[in-house]
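Here is the structure we will look at, set down as structure tokens.
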Amino acid sequence: MDNHNGFLDALEEINTLLKMDKRVSMEALEEAAEYFVKVLKPQIPVSKRNKKHMRDSLKVVVKKDVVQVVFEGTGWYWHLAEHGHKKANGRGKVRGRHFVQNTWDKYGGKVAEIMTEQIINKMG
């Protein structure tokens, strides 16, 4: 006797998700990270000094089972530009630009959508 109350279908879907290849999820994460880098780069403020800009050091790094968006070399500086800091002379504060948070707030849903689509396409 078949039980068509939906629980069997849901159980099959859950089992499919659990069996999903780790490579598929890493590919989805990497694709979403590449998209985030693409939309974040135009939002990054350019330094007025004649040196390497943060925009030029932004990249996606994949290590084992972790995907990261990092600022290579100037990793310490993005935090100051994002959140603000005290001036070097101790008088006053430089306001934060919040370029990373604002970009995430605007495109975070699209990043999640990219990962979901990638996983669903690989499962199908």
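Chains: A, B, ... in order of the structure tokens. Residues: from 1 per chain. Ligands: from 1, in order shown.
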
Quick one: residues within 7 Å of range 100-110 of chain A, only C-alpha atoms counted, chain neighbours fewer than 3 positions away excluded, as a ChimeraX atom specification?
/A:40,82,113-114

Please give the complete set of residues from range 5-112 of chain A that DSSP, run on the backbone, assigns to helix (DSSP H, G or I), formatted as a PyMOL selection string.
chain A and resi 7-18+22-43+54-57+75-83+99-112

Pick out the closest residue to Pro42 in chain A from this set: A:Arg23, A:Lys122, A:Glu30, A:Met54. Count only C-alpha atoms.
A:Met54

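Closest approach to Tyr35 in chain A from the set A:Lys86, A:Arg95, A:Lys59, A:Lys22 is made by A:Lys59, with distances taken over only C-alpha atoms.
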
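Note that the spacing between CA of Gly90 in chain A and CA of Phe71 in chain A amounts to 26.5 Å.
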